[in-house]
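File shown: structure-v5.pdb (PDB, C-alpha atoms).
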MODEL        1
ATOM      1  CA  MET A   1     -10.722   6.244 -16.034
ATOM      2  CA  SER A   2     -10.986   9.487 -14.167
ATOM      3  CA  TYR A   3      -8.682  12.117 -12.801
ATOM      4  CA  SER A   4      -9.548  13.253  -9.335
ATOM      5  CA  THR A   5      -7.988  15.043  -6.433
ATOM      6  CA  CYS A   6      -7.997  13.040  -3.268
ATOM      7  CA  ASN A   7      -6.478  15.696  -0.981
ATOM      8  CA  ALA A   8      -8.619  14.844   2.043
ATOM      9  CA  VAL A   9      -7.392  11.260   2.045
ATOM     10  CA  MET A  10      -4.252  11.086  -0.064
ATOM     11  CA  GLY A  11      -2.621  14.170   1.441
ATOM     12  CA  GLU A  12      -2.337  17.893   0.967
ATOM     13  CA  GLY A  13      -0.457  19.193  -2.025
ATOM     14  CA  LYS A  14      -0.589  16.037  -4.140
ATOM     15  CA  ASP A  15      -1.169  16.420  -7.854
ATOM     16  CA  ASP A  16      -4.272  14.950  -9.375
ATOM     17  CA  ILE A  17      -4.278  11.192  -9.102
ATOM     18  CA  LEU A  18      -5.372   8.935 -11.945
ATOM     19  CA  PHE A  19      -7.916   6.387 -10.782
ATOM     20  CA  ARG A  20      -8.857   3.397 -12.912
ATOM     21  CA  ASP A  21     -12.558   3.964 -12.335
ATOM     22  CA  GLU A  22     -15.003   5.307  -9.761
ATOM     23  CA  GLU A  23     -14.858   2.090  -7.733
ATOM     24  CA  HIS A  24     -11.085   2.486  -7.422
ATOM     25  CA  GLU A  25     -11.436   6.046  -6.172
ATOM     26  CA  LEU A  26     -14.212   5.169  -3.718
ATOM     27  CA  PHE A  27     -12.203   2.222  -2.405
ATOM     28  CA  CYS A  28      -9.208   4.507  -1.748
ATOM     29  CA  LEU A  29     -11.293   7.039   0.134
ATOM     30  CA  GLN A  30     -12.935   4.384   2.317
ATOM     31  CA  ALA A  31      -9.813   2.290   2.913
ATOM     32  CA  MET A  32      -7.656   5.268   3.919
ATOM     33  CA  GLU A  33     -10.167   6.044   6.648
ATOM     34  CA  LYS A  34      -9.498   2.555   8.077
ATOM     35  CA  CYS A  35      -5.692   2.904   7.957
ATOM     36  CA  ARG A  36      -3.849   3.414  11.197
ATOM     37  CA  TRP A  37      -1.511   5.971   9.675
ATOM     38  CA  ILE A  38      -1.689   8.350   6.746
ATOM     39  CA  ASP A  39       1.629   8.413   4.944
ATOM     40  CA  GLY A  40       3.052   7.578   1.532
ATOM     41  CA  CYS A  41       3.481   3.896   2.374
ATOM     42  CA  HIS A  42      -0.178   3.440   3.307
ATOM     43  CA  GLU A  43      -1.446   5.655   0.507
ATOM     44  CA  ALA A  44       0.481   3.654  -2.101
ATOM     45  CA  LEU A  45      -0.663   0.356  -0.580
ATOM     46  CA  VAL A  46      -4.333   1.370  -0.596
ATOM     47  CA  TYR A  47      -4.107   2.890  -4.066
ATOM     48  CA  CYS A  48      -2.578  -0.319  -5.455
ATOM     49  CA  LEU A  49      -5.035  -2.625  -3.760
ATOM     50  CA  GLY A  50      -7.877  -0.571  -5.212
ATOM     51  CA  ILE A  51      -6.767  -0.991  -8.829
ATOM     52  CA  ASP A  52      -8.167  -4.497  -9.307
ATOM     53  CA  GLN A  53     -11.710  -5.523  -8.392
ATOM     54  CA  ASN A  54     -10.433  -8.862  -7.110
ATOM     55  CA  THR A  55      -8.026  -7.204  -4.663
ATOM     56  CA  ARG A  56     -10.718  -4.727  -3.569
ATOM     57  CA  ASN A  57     -13.045  -7.650  -2.842
ATOM     58  CA  HIS A  58     -10.386  -9.484  -0.823
ATOM     59  CA  VAL A  59      -8.545  -6.573   0.794
ATOM     60  CA  ASP A  60      -8.955  -8.086   4.269
ATOM     61  CA  ARG A  61      -7.185 -11.241   3.047
ATOM     62  CA  ILE A  62      -4.249  -9.043   1.894
ATOM     63  CA  TYR A  63      -3.854  -6.417   4.618
ATOM     64  CA  ASP A  64      -4.844  -6.196   8.272
ATOM     65  CA  PHE A  65      -6.054  -2.647   8.895
ATOM     66  CA  ALA A  66      -6.053  -3.213  12.680
ATOM     67  CA  THR A  67      -2.417  -4.294  12.972
ATOM     68  CA  GLY A  68      -0.932  -2.685   9.855
ATOM     69  CA  GLU A  69       0.486  -6.009   8.699
ATOM     70  CA  VAL A  70       0.454  -7.387   5.177
ATOM     71  CA  LYS A  71      -0.643 -10.989   4.676
ATOM     72  CA  PRO A  72       1.812 -12.535   2.188
ATOM     73  CA  ASP A  73       0.077 -15.920   2.239
ATOM     74  CA  CYS A  74      -2.780 -14.325   0.288
ATOM     75  CA  LEU A  75      -0.686 -14.803  -2.865
ATOM     76  CA  ARG A  76      -1.304 -18.548  -2.639
ATOM     77  CA  GLU A  77      -5.066 -18.341  -2.199
ATOM     78  CA  GLU A  78      -7.479 -19.646  -4.842
ATOM     79  CA  TRP A  79      -9.152 -16.304  -5.566
ATOM     80  CA  GLN A  80      -5.922 -14.822  -6.915
ATOM     81  CA  THR A  81      -5.452 -14.187 -10.638
ATOM     82  CA  ILE A  82      -2.241 -13.255 -12.439
ATOM     83  CA  ARG A  83      -3.371  -9.628 -12.489
ATOM     84  CA  SER A  84      -4.381  -9.509  -8.828
ATOM     85  CA  MET A  85      -1.074 -11.114  -7.805
ATOM     86  CA  ARG A  86       0.764  -8.343  -9.666
ATOM     87  CA  VAL A  87      -1.301  -5.743  -7.835
ATOM     88  CA  VAL A  88      -0.581  -7.337  -4.453
ATOM     89  CA  ARG A  89       3.145  -7.637  -5.147
ATOM     90  CA  MET A  90       3.328  -4.016  -6.275
ATOM     91  CA  ALA A  91       1.464  -2.921  -3.142
ATOM     92  CA  PHE A  92       3.760  -4.983  -0.925
ATOM     93  CA  ASN A  93       6.803  -3.594  -2.709
ATOM     94  CA  LEU A  94       5.763  -0.012  -1.934
ATOM     95  CA  TYR A  95       4.642  -0.714   1.636
ATOM     96  CA  SER A  96       6.720  -0.895   4.784
ATOM     97  CA  ARG A  97       6.331  -3.732   7.241
ATOM     98  CA  GLU A  98       8.408  -1.758   9.747
ATOM     99  CA  ALA A  99       6.012   1.189   9.769
ATOM    100  CA  THR A 100       3.631  -0.365  12.274
ATOM    101  CA  SER A 101       6.132  -0.750  15.113
ATOM    102  CA  GLN A 102       7.552   2.736  14.538
ATOM    103  CA  VAL A 103       4.102   4.301  14.496
ATOM    104  CA  ASP A 104       3.219   2.510  17.720
ATOM    105  CA  ALA A 105       6.418   3.848  19.303
ATOM    106  CA  LEU A 106       5.532   7.400  18.212
ATOM    107  CA  ALA A 107       2.037   7.034  19.624
ATOM    108  CA  ARG A 108       3.427   6.027  23.016
ATOM    109  CA  ILE A 109       5.853   8.977  22.965
ATOM    110  CA  PHE A 110       3.206  11.536  21.986
ATOM    111  CA  GLY A 111       0.597  10.645  24.488
ATOM    112  CA  ASP A 112      -1.708   8.469  26.282
ATOM    113  CA  CYS A 113      -2.158   5.897  23.592
ATOM    114  CA  ARG A 114      -2.380   2.202  23.850
ATOM    115  CA  GLU A 115      -0.362   0.260  21.313
ATOM    116  CA  GLY A 116      -2.069   0.387  17.945
ATOM    117  CA  GLN A 117      -4.040   3.558  18.622
ATOM    118  CA  ILE A 118      -2.687   6.595  16.824
ATOM    119  CA  PRO A 119      -3.772  10.028  17.980
ATOM    120  CA  ARG A 120      -5.215  12.129  15.155
ATOM    121  CA  CYS A 121      -2.598  14.810  15.895
ATOM    122  CA  LEU A 122       0.029  12.468  14.445
ATOM    123  CA  HIS A 123      -1.727  12.111  11.104
ATOM    124  CA  ARG A 124      -0.143  14.073   8.281
ATOM    125  CA  ARG A 125      -3.319  16.008   7.571
ATOM    126  CA  LYS A 126      -2.808  17.755  10.914
ATOM    127  CA  PHE A 127       0.755  18.866  10.135
ATOM    128  CA  ASP A 128       1.536  22.147   8.377
ATOM    129  CA  ALA A 129       3.854  20.655   5.782
ATOM    130  CA  PRO A 130       3.625  17.374   3.882
ATOM    131  CA  TYR A 131       6.353  14.864   4.613
ATOM    132  CA  PRO A 132       7.319  11.402   3.463
ATOM    133  CA  CYS A 133       7.068   8.442   5.834
ATOM    134  CA  ILE A 134       8.142   9.324   9.366
ATOM    135  CA  GLY A 135      11.296   7.594  10.503
ATOM    136  CA  VAL A 136      13.404   5.092   8.681
ATOM    137  CA  PHE A 137      11.216   2.565   6.941
ATOM    138  CA  ASP A 138      12.149  -0.752   5.431
ATOM    139  CA  CYS A 139      10.236  -0.255   2.192
ATOM    140  CA  ASP A 140      10.618  -2.030  -1.130
ATOM    141  CA  GLY A 141       9.965  -5.376   0.476
ATOM    142  CA  THR A 142       9.201  -8.839  -0.824
ATOM    143  CA  PRO A 143       7.382 -10.272   2.204
ATOM    144  CA  SER A 144       5.997 -13.281   0.343
ATOM    145  CA  VAL A 145       9.565 -14.575  -0.041
ATOM    146  CA  ASP A 146      10.042 -14.807   3.730
ATOM    147  CA  ASN A 147       7.340 -17.463   4.109
ATOM    148  CA  LEU A 148       9.014 -19.935   1.740
ATOM    149  CA  SER A 149      11.559 -22.440   3.023
ATOM    150  CA  ASN A 150      12.860 -23.862  -0.253
ATOM    151  CA  GLU A 151      15.651 -21.731  -1.738
ATOM    152  CA  GLU A 152      14.468 -22.304  -5.309
ATOM    153  CA  ASP A 153      10.908 -21.241  -4.412
ATOM    154  CA  ARG A 154      12.267 -18.139  -2.676
ATOM    155  CA  LEU A 155      14.271 -17.171  -5.752
ATOM    156  CA  ARG A 156      11.300 -17.794  -8.057
ATOM    157  CA  GLU A 157       9.040 -15.649  -5.869
ATOM    158  CA  CYS A 158      11.654 -12.895  -5.695
ATOM    159  CA  CYS A 159      11.710 -12.774  -9.489
ATOM    160  CA  GLU A 160       7.961 -12.037  -9.478
ATOM    161  CA  TYR A 161       8.770  -8.594  -8.017
ATOM    162  CA  THR A 162      10.909  -7.390 -10.937
ATOM    163  CA  VAL A 163       9.866  -4.321 -12.905
ATOM    164  CA  SER A 164       9.235  -6.345 -16.049
ATOM    165  CA  ASP A 165       7.065  -8.877 -14.211
ATOM    166  CA  LEU A 166       5.014  -6.194 -12.472
ATOM    167  CA  PHE A 167       4.708  -3.501 -15.123
ATOM    168  CA  CYS A 168       4.137  -5.597 -18.243
ATOM    169  CA  CYS A 169       0.368  -5.487 -17.953
ATOM    170  CA  GLY A 170      -2.587  -3.179 -18.400
ATOM    171  CA  TYR A 171      -2.133  -1.803 -14.887
ATOM    172  CA  ALA A 172       1.278  -0.213 -15.583
ATOM    173  CA  ARG A 173      -0.052   3.360 -15.706
ATOM    174  CA  TYR A 174      -1.713   2.868 -12.308
ATOM    175  CA  PHE A 175       1.394   1.260 -10.843
ATOM    176  CA  TRP A 176       3.279   4.380 -11.918
ATOM    177  CA  GLU A 177       0.659   6.479 -10.099
ATOM    178  CA  ALA A 178       1.342   4.400  -6.965
ATOM    179  CA  VAL A 179       5.070   5.059  -7.316
ATOM    180  CA  LYS A 180       4.345   8.797  -7.572
ATOM    181  CA  ILE A 181       2.172   8.598  -4.445
ATOM    182  CA  ARG A 182       4.879   6.732  -2.523
ATOM    183  CA  TYR A 183       7.837   8.812  -3.765
ATOM    184  CA  PRO A 184       6.488  12.265  -4.699
ATOM    185  CA  GLU A 185       9.846  13.925  -4.097
ATOM    186  CA  TYR A 186      11.374  11.934  -6.991
ATOM    187  CA  CYS A 187       8.491  12.205  -9.459
ATOM    188  CA  VAL A 188       8.277  15.916 -10.160
TER     189      VAL A 188
ENDMDL
END

When written as structure tokens, how does the structure in this file appear?
Amino acid sequence: MSYSTCNAVMGEGKDDILFRDEEHELFCLQAMEKCRWIDGCHEALVYCLGIDQNTRNHVDRIYDFATGEVKPDCLREEWQTIRSMRVVRMAFNLYSREATSQVDALARIFGDCREGQIPRCLHRRKFDAPYPCIGVFDCDGTPSVDNLSNEEDRLRECCEYTVSDLFCCGYARYFWEAVKIRYPEYCV
């Protein structure tokens, strides 16, 4: 475990962030460079996905860096473990599926950008003051529920997102770090 400041990637003015290990920290630095947008939603997503080696190894099966979309079907893939499923659900819970379309709209407003290309001037690191996610985001989601047709399966999957199901594991302290990254204004 190490404490480290990740200001260049995780945003100006953030307190020190607790990383599980060096691989976790390195993953966060590299993955944030691939993100289309630098905000609390993406930072929390990347931080969570970096906690577990299994999720780091399969990050492209979980999240599409090009489109900004999560891939809920990854929860039913053979490589998943109980711990990695908790990490993915926590990451999905803190991430916004609506962010991508709003970011694309901002990019078109602010300049000559094709859909999906965000000018660097829109990244938070170029603004004078830190801010939470731009616009109104539909965070706290359970996207893996949407892909199920059976009502009982949907309810069962929804229950996997409860605090007790997510936090009752050895990753709880890192999940709390992700919450602080996503909602810094409430965790002072």

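Between CA of Phe19 in chain A and CA of Cys35 in chain A there is a distance of 19.2 Å.
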
Residues matched by the PyMOL selection byres ((chain A and resi 161-172) around 12), written as a count of residues only: 43

Selection result for the PyMOL selection byres ((chain A and resi 57-60) around 12) on this file, as a VMD selection string: chain A and resid 23 to 24 27 to 28 30 to 31 34 45 to 56 61 to 72 74 to 75 77 to 81 84 to 85 87 to 88 91

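Of note, CA of Tyr183 in chain A and CA of Ile38 in chain A are spaced 14.2 Å apart.
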
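One distance worth recording is that between CA of Glu151 in chain A and CA of Tyr95 in chain A, which is 24.0 Å.
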
Shortest interatomic distance to Glu43 in chain A - which of A:Glu152, A:Asp16, A:Glu25, A:Ile181, counting all atoms listed in the file: A:Ile181

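Comparing the minimum interatomic distances between Ala44 in chain A and each of A:Asp73, A:Pro184, A:Asn147, A:Leu26, counting all atoms listed in the file, we find that A:Pro184 sits nearest.
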
Using the atoms already present, construct N, CA and C atoms for range 70-95 of chain A and hand them back as a compact mmCIF listing (two decimals), in the coordinates of the input.
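Below you can see selection.txt, which holds the result:
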# COMPACT_ATOMS: atom_id res chain seq x y z
N VAL A 70 0.85 -6.76 6.43
CA VAL A 70 0.45 -7.39 5.18
C VAL A 70 0.34 -8.89 5.42
N LYS A 71 -0.42 -9.55 4.54
CA LYS A 71 -0.64 -10.99 4.68
C LYS A 71 -0.11 -11.68 3.42
N PRO A 72 1.19 -11.97 3.39
CA PRO A 72 1.81 -12.54 2.19
C PRO A 72 1.21 -13.86 1.73
N ASP A 73 0.65 -14.63 2.63
CA ASP A 73 0.08 -15.92 2.24
C ASP A 73 -1.11 -15.76 1.29
N CYS A 74 -1.65 -14.56 1.20
CA CYS A 74 -2.78 -14.32 0.29
C CYS A 74 -2.40 -14.63 -1.16
N LEU A 75 -1.13 -14.55 -1.49
CA LEU A 75 -0.69 -14.80 -2.86
C LEU A 75 -0.87 -16.26 -3.28
N ARG A 76 -1.11 -17.13 -2.32
CA ARG A 76 -1.30 -18.55 -2.64
C ARG A 76 -2.77 -18.98 -2.49
N GLU A 77 -3.65 -18.02 -2.36
CA GLU A 77 -5.07 -18.34 -2.20
C GLU A 77 -5.74 -18.49 -3.56
N GLU A 78 -6.81 -19.28 -3.59
CA GLU A 78 -7.48 -19.65 -4.84
C GLU A 78 -8.11 -18.48 -5.59
N TRP A 79 -8.49 -17.43 -4.92
CA TRP A 79 -9.15 -16.30 -5.57
C TRP A 79 -8.20 -15.47 -6.43
N GLN A 80 -6.91 -15.64 -6.21
CA GLN A 80 -5.92 -14.82 -6.92
C GLN A 80 -5.89 -15.12 -8.41
N THR A 81 -5.69 -14.07 -9.19
CA THR A 81 -5.45 -14.19 -10.64
C THR A 81 -4.05 -13.64 -10.90
N ILE A 82 -3.56 -13.80 -12.11
CA ILE A 82 -2.24 -13.26 -12.44
C ILE A 82 -2.23 -11.75 -12.22
N ARG A 83 -3.30 -11.08 -12.64
CA ARG A 83 -3.37 -9.63 -12.49
C ARG A 83 -3.45 -9.22 -11.02
N SER A 84 -4.26 -9.89 -10.24
CA SER A 84 -4.38 -9.51 -8.83
C SER A 84 -3.08 -9.80 -8.07
N MET A 85 -2.36 -10.85 -8.44
CA MET A 85 -1.07 -11.11 -7.80
C MET A 85 -0.07 -10.00 -8.11
N ARG A 86 -0.11 -9.47 -9.33
CA ARG A 86 0.76 -8.34 -9.67
C ARG A 86 0.42 -7.13 -8.81
N VAL A 87 -0.86 -6.87 -8.65
CA VAL A 87 -1.30 -5.74 -7.84
C VAL A 87 -0.82 -5.91 -6.39
N VAL A 88 -0.99 -7.09 -5.84
CA VAL A 88 -0.58 -7.34 -4.45
C VAL A 88 0.93 -7.19 -4.31
N ARG A 89 1.68 -7.74 -5.23
CA ARG A 89 3.14 -7.64 -5.15
C ARG A 89 3.61 -6.19 -5.27
N MET A 90 2.97 -5.43 -6.15
CA MET A 90 3.33 -4.02 -6.28
C MET A 90 3.01 -3.28 -4.98
N ALA A 91 1.85 -3.55 -4.41
CA ALA A 91 1.46 -2.92 -3.14
C ALA A 91 2.44 -3.28 -2.03
N PHE A 92 2.80 -4.55 -1.94
CA PHE A 92 3.76 -4.98 -0.92
C PHE A 92 5.11 -4.32 -1.15
N ASN A 93 5.51 -4.19 -2.38
CA ASN A 93 6.80 -3.59 -2.71
C ASN A 93 6.88 -2.14 -2.25
N LEU A 94 5.78 -1.42 -2.31
CA LEU A 94 5.76 -0.01 -1.93
C LEU A 94 5.46 0.20 -0.45
N TYR A 95 5.05 -0.83 0.24
CA TYR A 95 4.64 -0.71 1.64
C TYR A 95 5.78 -1.09 2.57
